[in-house]
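**Q** My questions all concern the structure below.
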Amino acid sequence: MRAFIGLCVSIWIIFGQIGAVFAAEKIGQVKVASGDVIILRDGQAIPAEAGSELLEKDVVKTGANSAIGMTFTDNSRLSLGPESELLLENYAYRSPGKPDSFEARLQNGSLTAASGKISKSRPLAMRVLTPTTVLGVKGTEFAVRVSEEG
Amino acid sequence: MIRHAAAGLLALGLAACTTVEDQSQAIPDWLTGEKWDIDRVAALPLNEDPYLGALQEGYIRLSREELAEFDWDSGALFARKARIAAQGPVAPTDPASESVDEDAATELGEAFAQVNGFIGSEGAMLRAGRQIGEAQVFFDCWLQEAVEGHQLEEIAECRDQFGLMIQLIRDLAALPKNMAVVLPEDGEIGGIEVTQGNKTVTLDRPFAAAGTGKELGDVPVVESEIRDAFAGALAAQPKPPVEFVLTFDFNDTKITDTAFEQILLAADEARSRDAAEVIVTGFADAPGAAPDNLAISRTRAERVRKAVFFELREAEKVSISTEARGERDLAVEATGQEEQNRRVIILVR
């Protein structure tokens, strides 16, 4: 039985890896989602829940009284408070031929972040962009908020 | 008023022919004239705290104005407040303790509450201490004129200045709507660099913050208001990833009893998380050929993965993956046999 389960998992892993060649690579995963949270991908709005995959270029949006917590493959963690919008603009972690980098664009709302291995690979490899500023991450934990009201 | 004026004149006379410093302990201040000696108060060093400094300067100004109008009571009151502010806090006068007409009492009561609200807010005091001090002085001026009740122009002037100052404080005292702040973390704080146009601000200690609105600049903040402002996001922050390290005997892939305990701990950790990811990475030590080391590290990871998978067979939404690193990424730089390098790391996130 154990061998059978192991075989199934191996097959699942192999197919998963073949799939990854064709599909965009998963860069992170939703761990916490409360209230109205959606992922905008290729013009589609996908409701986010714990376990939802995150891809580069996804836009994550939260509604009133809503929040989302995400982890990324480099172990970084981002979370959004209510009425927030975040674009996962660029992400490369251990990608062949690409330097590690993570750029997330906070359009509106509040973000808290704990950086991961990308930020340690080279100075300012992780950045958070807002409509007015660029934040280069040197340490680990920080918070940012953006309001359209200025 | 006449009585006070007489006492004042007497006191001024006394002050002129005695050394006040020597006798101030023994003789009451109204007799020495110290009660009205605003020059003496003005000679005190200015309090370095912006709020208290503003109070000190403002009350000295009010005292001089009142004394110039021969209002000895008010002149003495503001001189006393200025003297206290040089040393420490002095509260605005409570309008409930004064006799003013009913309409004025309501308005003054609200203003009193406003001033006290700002004084009670640590963040507001940090960002707008000086202005809050000035508002308090305008408030006391307004109250004092309202109590006297006859100089309508002066009442209106103090009230208007108070109103303008409160508007300014509202803008300055609020936590900026656009901002970045460093959160406390274990170990070294590297901070963040915030750039707007060609200006960069480095924030490198816990709760160092910058306003990032129209103009980039440092903003003092207190922990409680940051925890409030980011409450939603902070509550949703996923738990930090945890690593469990298992070591192996030389040239062996058997999971020892000690190593198995780590597997059980990792499985417990994974069960405690929503949508847990378990990443099992195998390593080898340096002796031997690289391909062999890669192979043994893969076998180690695979055996651990099977054990973790079995432990988590009933857990929902858990994903498990493996990776083999061979002799790369040694835990300890050693060319020989090294137990710490013969390892599997189970990362749970």
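Identifiers in the structure tokens: chain A, B, ... in order shown; residue index from 1 per chain; ligand index from 1 in order shown.
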With a distance threshold of 6 Å and counting only C-alpha atoms, extract the residues of chain B near chain A and express them as a PyMOL selection string.
**A** chain B and resi 177-183+189-196+213+232-233+236-238+275
**Q** Could the residues in this selection be saved with C-alpha atoms as a PDB file, in the first residue's frame?
**A**
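And here's result.pdb as it stands now:
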```pdb
ATOM      1  CA  LYS B 177      -1.839  57.734   4.439  1.00  0.00           C
ATOM      2  CA  ASN B 178       1.194  56.919   2.307  1.00  0.00           C
ATOM      3  CA  MET B 179       4.019  55.519   4.352  1.00  0.00           C
ATOM      4  CA  ALA B 180       6.597  52.792   4.877  1.00  0.00           C
ATOM      5  CA  VAL B 181       7.762  51.479   8.237  1.00  0.00           C
ATOM      6  CA  VAL B 182      10.276  48.915   9.492  1.00  0.00           C
ATOM      7  CA  LEU B 183       8.714  46.230  11.685  1.00  0.00           C
ATOM      8  CA  ILE B 189      17.673  44.875  11.285  1.00  0.00           C
ATOM      9  CA  GLY B 190      18.674  45.706   7.743  1.00  0.00           C
ATOM     10  CA  GLY B 191      15.806  48.054   7.147  1.00  0.00           C
ATOM     11  CA  ILE B 192      14.517  49.524   3.913  1.00  0.00           C
ATOM     12  CA  GLU B 193      15.590  52.207   1.497  1.00  0.00           C
ATOM     13  CA  VAL B 194      12.780  54.436   0.323  1.00  0.00           C
ATOM     14  CA  THR B 195      13.349  56.412  -2.862  1.00  0.00           C
ATOM     15  CA  GLN B 196      11.181  59.091  -4.381  1.00  0.00           C
ATOM     16  CA  GLY B 213       3.029  61.110  -0.012  1.00  0.00           C
ATOM     17  CA  GLY B 232      -5.656  43.534   8.877  1.00  0.00           C
ATOM     18  CA  ALA B 233      -2.456  42.686   7.053  1.00  0.00           C
ATOM     19  CA  ALA B 236      -3.167  37.619   7.814  1.00  0.00           C
ATOM     20  CA  GLN B 237       0.607  37.209   7.843  1.00  0.00           C
ATOM     21  CA  PRO B 238       1.494  33.535   7.328  1.00  0.00           C
ATOM     22  CA  ALA B 275      -2.238  24.580   2.888  1.00  0.00           C
TER      23      ALA B 275
END
```
**Q** Determine which residues of range 70-149 of chain A DSSP labels as alpha helix (DSSP H) from the backbone of this structure, then write them out as number ranges by chain.
**A** A: 117-121
**Q** Quick check for you: according to DSSP on this backbone, which residues of chain A are classed as strand (DSSP E)? Reply as number ranges by chain.
**A** A: 26-34, 37-41, 44-47, 53-55, 59-62, 67-72, 77-80, 85-92, 101-114, 126-129, 134-137, 141-146
**Q** Counting only C-alpha atoms, which residue out of B:Glu34, B:Asp285, B:Glu185, B:Glu65 sits closest to Ser115 in chain A?
**A**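 Looking at the shortest contact to Ser115 in chain A, the residue is B:Glu185.
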**Q** CA of Arg159 in chain B to CA of Trp142 in chain B: how many Å, to one decimal?
**A**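 Rounded to one decimal, the two atoms are 5.5 Å apart.
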